[in-house]
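data_3.txt (compact mmCIF, C-alpha atoms)
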# COMPACT_ATOMS: atom_id res chain seq x y z
CA MET H 1 49.85 35.24 106.42
CA SER H 2 51.56 32.80 104.08
CA SER H 3 50.69 34.94 101.04
CA LEU H 4 52.81 37.85 102.30
CA PRO H 5 56.32 38.43 100.98
CA VAL H 6 59.06 36.87 103.09
CA THR H 7 60.89 39.58 105.05
CA ARG H 8 64.18 39.68 106.94
CA ILE H 9 62.11 39.19 110.10
CA ASP H 10 60.71 35.88 108.81
CA VAL H 11 64.15 34.69 107.69
CA ARG H 12 65.83 35.60 111.00
CA LEU H 13 63.13 34.03 113.17
CA ALA H 14 63.15 30.82 111.10
CA LYS H 15 66.93 30.63 111.57
CA LEU H 16 66.63 31.08 115.33
CA ARG H 17 63.85 28.49 115.48
CA ASP H 18 66.18 26.02 113.77
CA GLU H 19 68.88 26.88 116.33
CA GLY H 20 66.40 26.21 119.13
CA ARG H 21 66.72 29.57 120.82
CA ALA H 22 64.73 32.72 121.39
CA ALA H 23 65.44 36.11 119.80
CA LEU H 24 66.83 39.21 121.47
CA VAL H 25 64.94 42.26 120.24
CA THR H 26 66.59 45.55 121.20
CA PHE H 27 64.93 48.96 121.22
CA VAL H 28 66.84 52.23 120.97
CA THR H 29 65.55 55.68 120.10
CA ALA H 30 66.66 57.09 116.75
CA GLY H 31 68.76 60.21 117.22
CA ASP H 32 69.47 59.61 120.93
CA PRO H 33 71.59 61.33 122.19
CA ASP H 34 72.54 62.79 118.81
CA PRO H 35 72.27 61.53 115.20
CA GLU H 36 75.93 60.51 114.86
CA THR H 37 76.09 58.51 118.10
CA SER H 38 72.69 56.98 117.37
CA LEU H 39 73.97 55.63 114.07
CA SER H 40 77.06 54.22 115.77
CA ILE H 41 74.82 52.45 118.31
CA LEU H 42 72.59 51.11 115.53
CA LYS H 43 75.57 49.70 113.64
CA ALA H 44 77.02 48.10 116.80
CA LEU H 45 73.87 46.28 117.97
CA PRO H 46 74.08 43.14 115.77
CA GLY H 47 77.69 42.47 116.74
CA ALA H 48 76.75 42.72 120.41
CA GLY H 49 74.03 40.09 120.03
CA ALA H 50 70.83 41.84 118.90
CA ASP H 51 68.79 39.60 116.58
CA ILE H 52 66.14 42.19 115.67
CA ILE H 53 66.38 45.96 116.12
CA GLU H 54 63.46 48.19 117.03
CA PHE H 55 64.35 51.78 116.11
CA GLY H 56 62.13 54.27 117.87
CA MET H 57 60.74 57.20 115.91
CA PRO H 58 60.96 60.16 118.33
CA PHE H 59 57.64 61.82 119.12
CA SER H 60 56.78 64.72 121.42
CA ASP H 61 53.82 62.92 123.04
CA PRO H 62 54.75 59.22 123.50
CA MET H 63 51.85 58.41 125.83
CA ALA H 64 52.64 54.68 126.26
CA GLU H 65 56.23 55.29 127.30
CA GLY H 66 57.62 55.73 130.79
CA PRO H 67 60.09 58.45 131.81
CA PRO H 68 63.23 56.80 130.29
CA ILE H 69 61.93 56.64 126.71
CA GLN H 70 60.12 59.96 127.04
CA ALA H 71 63.47 61.51 128.00
CA ALA H 72 65.19 59.76 125.08
CA ASP H 73 62.62 61.19 122.67
CA ILE H 74 63.21 64.66 124.09
CA ARG H 75 67.00 64.28 123.76
CA ALA H 76 66.67 63.11 120.16
CA LEU H 77 64.25 65.85 119.11
CA ALA H 78 66.41 68.49 120.83
CA ALA H 79 69.41 67.18 118.87
CA GLY H 80 67.51 67.74 115.61
CA GLN H 81 66.22 64.24 114.85
CA THR H 82 63.52 64.09 112.17
CA MET H 83 61.77 61.32 110.29
CA VAL H 84 64.03 62.06 107.32
CA LYS H 85 67.12 61.53 109.49
CA THR H 86 65.67 58.34 110.98
CA LEU H 87 65.18 56.84 107.53
CA GLU H 88 68.65 58.06 106.48
CA GLN H 89 70.13 56.19 109.46
CA VAL H 90 68.37 52.98 108.47
CA ARG H 91 69.67 53.45 104.93
CA ALA H 92 73.22 53.97 106.26
CA PHE H 93 72.88 50.87 108.46
CA ARG H 94 71.81 48.79 105.46
CA GLN H 95 75.04 49.69 103.63
CA GLY H 96 76.88 47.43 106.07
CA ASP H 97 74.17 44.99 107.19
CA GLY H 98 71.75 43.39 104.78
CA GLU H 99 70.43 40.73 107.17
CA THR H 100 69.47 42.14 110.57
CA PRO H 101 65.76 43.05 110.64
CA VAL H 102 64.93 46.67 111.49
CA VAL H 103 61.49 47.57 112.83
CA LEU H 104 60.44 51.21 113.19
CA MET H 105 58.40 51.75 116.36
CA GLY H 106 56.42 54.79 117.39
CA TYR H 107 53.22 56.73 116.93
CA TYR H 108 51.03 57.59 113.96
CA ASN H 109 51.21 61.38 114.11
CA PRO H 110 54.78 61.75 112.72
CA ILE H 111 53.93 59.25 109.96
CA TYR H 112 50.71 61.11 109.10
CA ILE H 113 52.59 64.41 108.94
CA TYR H 114 55.30 62.85 106.75
CA GLY H 115 52.60 61.38 104.47
CA VAL H 116 51.60 57.72 104.58
CA GLU H 117 52.31 56.91 100.93
CA ARG H 118 55.68 58.69 101.04
CA PHE H 119 56.54 57.08 104.38
CA VAL H 120 55.81 53.53 103.26
CA SER H 121 57.76 54.02 100.04
CA ASP H 122 60.76 55.66 101.74
CA ALA H 123 60.81 53.16 104.60
CA LYS H 124 60.82 50.21 102.22
CA ALA H 125 63.56 51.79 100.10
CA ALA H 126 65.66 52.50 103.23
CA GLY H 127 65.53 48.85 104.31
CA VAL H 128 62.83 48.87 106.99
CA ASP H 129 61.29 45.43 107.57
CA GLY H 130 58.46 46.09 109.99
CA LEU H 131 56.37 48.70 111.77
CA ILE H 132 54.98 48.91 115.30
CA VAL H 133 52.61 51.86 115.59
CA VAL H 134 51.35 52.00 119.14
CA ASP H 135 48.23 54.11 118.68
CA LEU H 136 46.72 52.59 115.51
CA PRO H 137 44.12 49.90 116.39
CA PRO H 138 43.13 47.19 113.88
CA GLU H 139 39.91 49.09 113.20
CA GLU H 140 42.13 51.62 111.38
CA ASP H 141 44.05 49.11 109.23
CA GLU H 142 43.32 51.02 106.03
CA GLU H 143 45.29 54.03 107.35
CA LEU H 144 48.72 52.38 107.38
CA CYS H 145 48.66 48.64 108.06
CA LEU H 146 47.31 47.57 104.68
CA PRO H 147 49.52 49.97 102.64
CA ALA H 148 52.57 48.73 104.57
CA ILE H 149 51.74 45.07 104.00
CA LYS H 150 51.14 45.76 100.31
CA ALA H 151 54.66 47.27 100.15
CA GLY H 152 56.16 44.19 101.82
CA ILE H 153 56.63 45.68 105.30
CA SER H 154 55.42 43.60 108.25
CA PHE H 155 52.86 45.21 110.54
CA ILE H 156 53.48 44.03 114.10
CA ARG H 157 50.69 44.28 116.63
CA LEU H 158 50.82 44.70 120.39
CA ALA H 159 48.89 42.38 122.72
CA THR H 160 48.49 43.03 126.44
CA PRO H 161 47.23 41.16 129.54
CA THR H 162 43.81 42.70 128.87
CA SER H 163 43.63 41.37 125.28
CA ASP H 164 41.02 38.66 125.83
CA ASP H 165 39.99 35.76 123.62
CA ARG H 166 37.44 37.95 121.81
CA ARG H 167 39.93 40.74 121.11
CA LEU H 168 42.95 38.62 120.14
CA PRO H 169 41.51 37.39 116.79
CA VAL H 170 40.84 41.03 115.85
CA LEU H 171 44.38 42.03 116.80
CA MET H 172 45.89 39.14 114.83
CA ARG H 173 43.99 40.04 111.67
CA ASN H 174 46.51 41.53 109.18
CA SER H 175 49.34 41.09 111.72
CA SER H 176 52.66 39.78 110.42
CA GLY H 177 56.29 39.36 111.46
CA PHE H 178 55.68 38.64 115.13
CA VAL H 179 53.40 39.57 118.02
CA TYR H 180 54.78 41.93 120.66
CA TYR H 181 53.29 40.93 124.01
CA VAL H 182 53.36 43.80 126.48
CA SER H 183 53.61 41.67 129.61
CA VAL H 184 52.55 44.21 132.22
CA LEU H 185 49.98 46.99 132.28
CA GLY H 186 51.14 50.58 132.35
CA VAL H 187 53.92 52.52 130.68
CA THR H 188 57.31 51.17 129.64
CA GLY H 189 60.22 50.59 131.99
CA VAL H 190 58.35 50.41 135.27
CA LYS H 191 57.36 46.84 136.18
CA SER H 192 58.46 43.31 135.24
CA ALA H 193 56.28 40.27 134.56
CA ALA H 194 56.53 36.94 136.37
CA ALA H 195 57.83 34.12 134.17
CA GLY H 196 54.82 31.93 134.98
CA ASP H 197 52.40 34.63 133.88
CA VAL H 198 54.39 35.04 130.66
CA ALA H 199 54.16 31.31 129.88
CA THR H 200 50.38 31.33 130.31
CA ALA H 201 49.95 34.46 128.22
CA VAL H 202 52.19 33.22 125.37
CA ALA H 203 50.23 29.97 125.18
CA ARG H 204 46.94 31.88 125.04
CA ILE H 205 48.18 34.16 122.24
CA LYS H 206 49.56 31.22 120.26
CA ALA H 207 46.09 29.67 120.26
CA HIS H 208 45.07 32.55 117.99
CA THR H 209 48.07 32.95 115.67
CA PRO H 210 50.99 31.03 114.15
CA LEU H 211 53.21 34.11 114.56
CA PRO H 212 56.15 34.09 117.00
CA VAL H 213 55.47 35.91 120.28
CA MET H 214 58.04 38.36 121.66
CA VAL H 215 57.70 39.48 125.26
CA GLY H 216 58.79 42.82 126.61
CA PHE H 217 58.38 45.51 129.28
CA GLY H 218 60.54 45.58 132.38
CA VAL H 219 63.44 43.32 131.26
CA LYS H 220 66.70 44.82 132.51
CA THR H 221 69.19 41.98 133.06
CA GLY H 222 70.50 38.81 131.47
CA GLU H 223 68.83 36.75 134.20
CA GLN H 224 65.43 38.29 133.48
CA ALA H 225 65.99 37.75 129.76
CA ALA H 226 66.79 34.07 130.37
CA ALA H 227 63.59 33.59 132.39
CA ILE H 228 61.45 35.11 129.64
CA ALA H 229 63.30 33.30 126.83
CA ALA H 230 62.41 29.96 128.39
CA HIS H 231 58.75 30.60 127.53
CA ALA H 232 58.65 33.07 124.62
CA ASP H 233 59.99 33.21 121.07
CA GLY H 234 61.87 36.38 121.90
CA VAL H 235 62.66 38.99 124.53
CA VAL H 236 62.27 42.73 123.91
CA VAL H 237 64.45 45.16 125.87
CA GLY H 238 64.03 48.92 125.57
CA SER H 239 64.07 51.11 128.66
CA ALA H 240 67.18 49.45 130.12
CA LEU H 241 69.12 50.26 126.95
CA VAL H 242 67.81 53.80 126.82
CA ASN H 243 68.83 54.22 130.46
CA ALA H 244 72.31 52.97 129.57
CA VAL H 245 72.54 55.77 126.99
CA ARG H 246 71.38 58.30 129.60
CA ASP H 247 73.84 57.10 132.24
CA SER H 248 76.77 57.35 129.83
CA LEU H 249 76.23 61.03 129.05
CA LYS H 250 78.18 63.93 130.46
CA ASP H 251 76.44 67.30 130.52
CA GLY H 252 73.83 65.74 128.23
CA LYS H 253 76.36 64.86 125.55
CA ALA H 254 77.68 61.49 124.32
CA THR H 255 80.99 60.29 125.69
CA THR H 256 83.51 57.70 124.58
CA ALA H 257 81.63 55.23 126.84
CA THR H 258 78.19 55.71 125.27
CA VAL H 259 78.30 53.04 122.55
CA SER H 260 80.07 50.48 124.74
CA ALA H 261 77.53 51.06 127.53
CA ILE H 262 74.88 49.76 125.13
CA THR H 263 76.89 46.94 123.60
CA ASP H 264 78.03 45.63 127.00
CA LEU H 265 74.42 45.41 128.20
CA VAL H 266 73.23 43.86 124.93
CA ALA H 267 75.95 41.21 125.20
CA ASP H 268 74.76 40.32 128.73
CA LEU H 269 71.14 40.17 127.56
CA ALA H 270 72.06 38.04 124.54
CA ALA H 271 73.90 35.58 126.78
CA GLY H 272 70.82 35.41 128.99
CA VAL H 273 68.53 34.73 126.04
CA ARG H 274 70.82 31.90 124.93
CA ARG H 275 70.74 30.39 128.43
CA GLY H 276 66.95 30.52 128.49
CA ARG H 277 66.49 27.19 126.70
CA ALA H 278 69.84 25.60 127.50
Conversion result in structure tokens:
Amino acid sequence: MSSLPVTRIDVRLAKLRDEGRAALVTFVTAGDPDPETSLSILKALPGAGADIIEFGMPFSDPMAEGPPIQAADIRALAAGQTMVKTLEQVRAFRQGDGETPVVLMGYYNPIYIYGVERFVSDAKAAGVDGLIVVDLPPEEDEELCLPAIKAGISFIRLATPTSDDRRLPVLMRNSSGFVYYVSVLGVTGVKSAAAGDVATAVARIKAHTPLPVMVGFGVKTGEQAAAIAAHADGVVVGSALVNAVRDSLKDGKATTATVSAITDLVADLAAGVRRGRA
């Protein structure tokens, strides 16, 4: 994908490669538990140790997510989160941070409703660097993948334990930024992968692409992050952070502990990632 424009994702991952360490990729749901607190969390993530931020686009039917992220989507939608507000939050984040990559993650339906051409244009203008759209296979690249790449937004593809050597080349076609390896089967936040299995899977994926491979699903602690970081180019953590938001709430509302609950966990995960190759 050398002909593609260089994005913040490429720059950040090249920097980390030079430093000899893996990336910490953090997922939080936009608008969870409310738009104001969500923006505060977003702004605090880089300082806590997040290298790349995945910002979830809330959706009423997130079929690949487990109960924690489903609940976060419900909280965000109930608090009035919309695609317009999600892009506004990215734009507000960019006013203070021009370097940390932001990847929007979610499902195609809200993008389709918003309008693909309008979405790509507004996302690029807001400062979005990449997209992960769970339910768009490579056979549908003309829907969103190719317009996004043309606009200079990376299109990041998921690979799973069932992505075999015939399917991987198809998945890697038009992929950019990095590969997100979903290390266990099932929905998010339920099971964790063994480090040995991760090493084998990362090597198999890298035989089909020069892109960095990030590994996620089931990582909750700094120790788990260290074990994954020893074998992968990055570690993705989502459900554990979303659960930290949930556990900080009182009567469903944000408290003074909500932002620090996230940043404390991110700091522990970041320390683990740095230990992974020490």
message: Just want the 12 Å neighbourhood of Glu36 (chain H), counted on all atoms listed in the file, with same-chain residues fewer than 6 positions away dropped. Output as a PyMOL selection string.
response: chain H and resi 30+42-43+76+79-81+85-86+88-89+92-93+253-255+258-259
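Between CA of Ile205 (chain H) and CA of Asp10 (chain H) lies a distance of 18.4 Å.
Taking CA of Asp51 (chain H) and CA of Gly127 (chain H) as endpoints, the distance between them is 15.7 Å.
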Using all atoms listed in the file, tabulate the residues of region 168-226 of chain H lying at most 7 Å from any atom of region 263-269 of chain H, each with its closest atom pair and that distance in Å to one decimal, by chain and increasing residue number, as JSON lines.
{"residue": "H:Thr221", "atom": "CA", "partner": "H:Leu269", "partner_atom": "CA", "distance": 6.1}
{"residue": "H:Gly222", "atom": "CA", "partner": "H:Leu269", "partner_atom": "CA", "distance": 4.2}
{"residue": "H:Ala225", "atom": "CA", "partner": "H:Leu269", "partner_atom": "CA", "distance": 6.1}
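The nearest approach to Val213 (chain H) among the residues H:Ala226, H:Val103, H:Ala14, H:Ala22, with only C-alpha atoms taken into account, belongs to H:Ala22.
CA of Asp73 (chain H) is positioned 6.9 Å from CA of Ser60 (chain H).
Neighbours of Arg246 (chain H) closer than or equal to 12 Å, with all atoms listed in the file counted and sequence neighbours fewer than 6 positions away skipped, come out as Val28, Thr29, Asp32, Pro33, Asp34, Pro67, Pro68, Ile69, Gln70, Ala71, Ala72, Asp73, Ile74, Arg75, Ala76, Ser239, Ala240, Gly252, Lys253, Ala254, Thr255, Ala257, Thr258, Val259, Ala261 and Ile262 of chain H.
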Once you count all atoms listed in the file, which residues end up no further than 6 Å from (55.6, 35.1, 123.5) in the file's frame, shown as a PDB file with C-alpha atoms, keeping the file's coordinate frame?
ATOM      1  CA  VAL H 202      52.190  33.220 125.370  1.00  0.00           C
ATOM      2  CA  VAL H 213      55.470  35.910 120.280  1.00  0.00           C
ATOM      3  CA  MET H 214      58.040  38.360 121.660  1.00  0.00           C
ATOM      4  CA  VAL H 215      57.700  39.480 125.260  1.00  0.00           C
ATOM      5  CA  ALA H 232      58.650  33.070 124.620  1.00  0.00           C
ATOM      6  CA  ASP H 233      59.990  33.210 121.070  1.00  0.00           C
TER       7      ASP H 233
END
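Distance annotation: of H:Leu4, H:Ile52, H:Val245, H:Val179, the residue with the minimal separation from Ile153 (chain H) is H:Leu4; atom set is all atoms listed in the file.
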Shell around Asn174 (chain H) at 12 Å using all atoms listed in the file, local window under 2 positions removed, as an NGL selection string: :H and (1-4 or 137-142 or 144-150 or 153-157 or 168-172 or 176-179 or 209 or 211)
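You can rank H:Pro58, H:Ala151, H:Ser260, H:Val273 by their closest distance to Val6 (chain H) using all atoms listed in the file, and at the top of that list sits H:Ala151.
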message: Nearest residue to Ser38 (chain H) out of H:Ala50, H:Leu16, H:Ala64, H:Val90, using only C-alpha atoms?
response: H:Val90
message: Can you pull out the residues contacting Ala203 (chain H)? Cut-off 10 Å, using only C-alpha atoms, and skip same-chain residues under 4 positions away; I want them as number ranges by chain.
response: H: 198-199, 207-208, 213, 231-232
Restricted to C-alpha atoms, what would the selected residues look like written as a PDB file, in the frame of the given file?
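That gives us selection-v4.pdb:
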ATOM      1  CA  VAL H 198      54.390  35.040 130.660  1.00  0.00           C
ATOM      2  CA  ALA H 199      54.160  31.310 129.880  1.00  0.00           C
ATOM      3  CA  ALA H 207      46.090  29.670 120.260  1.00  0.00           C
ATOM      4  CA  HIS H 208      45.070  32.550 117.990  1.00  0.00           C
ATOM      5  CA  VAL H 213      55.470  35.910 120.280  1.00  0.00           C
ATOM      6  CA  HIS H 231      58.750  30.600 127.530  1.00  0.00           C
ATOM      7  CA  ALA H 232      58.650  33.070 124.620  1.00  0.00           C
TER       8      ALA H 232
END
query: Using only C-alpha atoms, which residue out of H:Ala230, H:Met57, H:Val84, H:Arg204 lies closest to Arg166 (chain H)?
result: H:Arg204
message: I want to know what sits within 8 Å of Val237 (chain H), based on only C-alpha atoms, with residues of the same chain fewer than 3 positions away left out; could you give that as a VMD selection string?
response: chain H and resid 24 to 27 216 to 220 240 to 241
Provide region 241-261 of chain H rebuilt to N, CA, C and O atoms, formatted as a JSON list (two decimals), keeping the file's coordinate frame.
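Wrote it out as selection_10.json, contents follow:
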[["chain", "number", "residue", "atom", "x", "y", "z"],
["H", 241, "LEU", "N", 68.12, 49.78, 127.90],
["H", 241, "LEU", "CA", 69.12, 50.26, 126.95],
["H", 241, "LEU", "C", 69.11, 51.78, 126.87],
["H", 241, "LEU", "O", 70.16, 52.42, 126.78],
["H", 242, "VAL", "N", 67.92, 52.34, 126.87],
["H", 242, "VAL", "CA", 67.81, 53.80, 126.82],
["H", 242, "VAL", "C", 68.41, 54.41, 128.08],
["H", 242, "VAL", "O", 69.06, 55.46, 128.03],
["H", 243, "ASN", "N", 68.22, 53.74, 129.22],
["H", 243, "ASN", "CA", 68.83, 54.22, 130.46],
["H", 243, "ASN", "C", 70.36, 54.12, 130.39],
["H", 243, "ASN", "O", 71.07, 54.96, 130.98],
["H", 244, "ALA", "N", 70.86, 53.10, 129.70],
["H", 244, "ALA", "CA", 72.31, 52.97, 129.57],
["H", 244, "ALA", "C", 72.88, 54.14, 128.75],
["H", 244, "ALA", "O", 73.98, 54.64, 129.05],
["H", 245, "VAL", "N", 72.14, 54.56, 127.73],
["H", 245, "VAL", "CA", 72.54, 55.77, 126.99],
["H", 245, "VAL", "C", 72.58, 56.96, 127.94],
["H", 245, "VAL", "O", 73.58, 57.69, 128.03],
["H", 246, "ARG", "N", 71.49, 57.16, 128.67],
["H", 246, "ARG", "CA", 71.38, 58.30, 129.60],
["H", 246, "ARG", "C", 72.54, 58.32, 130.60],
["H", 246, "ARG", "O", 73.16, 59.36, 130.85],
["H", 247, "ASP", "N", 72.83, 57.15, 131.18],
["H", 247, "ASP", "CA", 73.84, 57.10, 132.24],
["H", 247, "ASP", "C", 75.25, 57.31, 131.71],
["H", 247, "ASP", "O", 76.18, 57.56, 132.50],
["H", 248, "SER", "N", 75.44, 57.18, 130.40],
["H", 248, "SER", "CA", 76.77, 57.35, 129.83],
["H", 248, "SER", "C", 77.08, 58.80, 129.47],
["H", 248, "SER", "O", 78.22, 59.12, 129.13],
["H", 249, "LEU", "N", 76.06, 59.65, 129.53],
["H", 249, "LEU", "CA", 76.23, 61.03, 129.05],
["H", 249, "LEU", "C", 76.94, 61.89, 130.09],
["H", 249, "LEU", "O", 76.88, 61.63, 131.30],
["H", 250, "LYS", "N", 77.60, 62.92, 129.60],
["H", 250, "LYS", "CA", 78.18, 63.93, 130.46],
["H", 250, "LYS", "C", 77.69, 65.29, 129.98],
["H", 250, "LYS", "O", 77.87, 65.63, 128.80],
["H", 251, "ASP", "N", 77.05, 66.01, 130.87],
["H", 251, "ASP", "CA", 76.44, 67.30, 130.52],
["H", 251, "ASP", "C", 75.49, 67.14, 129.33],
["H", 251, "ASP", "O", 75.39, 68.02, 128.47],
["H", 252, "GLY", "N", 74.83, 65.98, 129.28],
["H", 252, "GLY", "CA", 73.83, 65.74, 128.23],
["H", 252, "GLY", "C", 74.41, 65.33, 126.90],
["H", 252, "GLY", "O", 73.65, 65.14, 125.93],
["H", 253, "LYS", "N", 75.71, 65.19, 126.82],
["H", 253, "LYS", "CA", 76.36, 64.86, 125.55],
["H", 253, "LYS", "C", 76.96, 63.44, 125.58],
["H", 253, "LYS", "O", 77.33, 62.95, 126.64],
["H", 254, "ALA", "N", 77.08, 62.82, 124.42],
["H", 254, "ALA", "CA", 77.68, 61.49, 124.32],
["H", 254, "ALA", "C", 79.14, 61.54, 124.76],
["H", 254, "ALA", "O", 79.82, 62.56, 124.62],
["H", 255, "THR", "N", 79.59, 60.42, 125.29],
["H", 255, "THR", "CA", 80.99, 60.29, 125.69],
["H", 255, "THR", "C", 81.60, 59.08, 124.96],
["H", 255, "THR", "O", 80.90, 58.37, 124.23],
["H", 256, "THR", "N", 82.87, 58.86, 125.21],
["H", 256, "THR", "CA", 83.51, 57.70, 124.58],
["H", 256, "THR", "C", 82.94, 56.38, 125.12],
["H", 256, "THR", "O", 83.17, 55.33, 124.53],
["H", 257, "ALA", "N", 82.19, 56.44, 126.24],
["H", 257, "ALA", "CA", 81.63, 55.23, 126.84],
["H", 257, "ALA", "C", 80.19, 54.96, 126.37],
["H", 257, "ALA", "O", 79.63, 53.93, 126.75],
["H", 258, "THR", "N", 79.62, 55.85, 125.58],
["H", 258, "THR", "CA", 78.19, 55.71, 125.27],
["H", 258, "THR", "C", 77.89, 54.44, 124.47],
["H", 258, "THR", "O", 77.01, 53.66, 124.84],
["H", 259, "VAL", "N", 78.60, 54.21, 123.39],
["H", 259, "VAL", "CA", 78.30, 53.04, 122.55],
["H", 259, "VAL", "C", 78.59, 51.75, 123.31],
["H", 259, "VAL", "O", 77.79, 50.80, 123.30],
["H", 260, "SER", "N", 79.72, 51.71, 124.02],
["H", 260, "SER", "CA", 80.07, 50.48, 124.74],
["H", 260, "SER", "C", 79.11, 50.22, 125.90],
["H", 260, "SER", "O", 78.89, 49.06, 126.28],
["H", 261, "ALA", "N", 78.52, 51.27, 126.47],
["H", 261, "ALA", "CA", 77.53, 51.06, 127.53],
["H", 261, "ALA", "C", 76.35, 50.24, 126.99],
["H", 261, "ALA", "O", 75.80, 49.38, 127.69]]
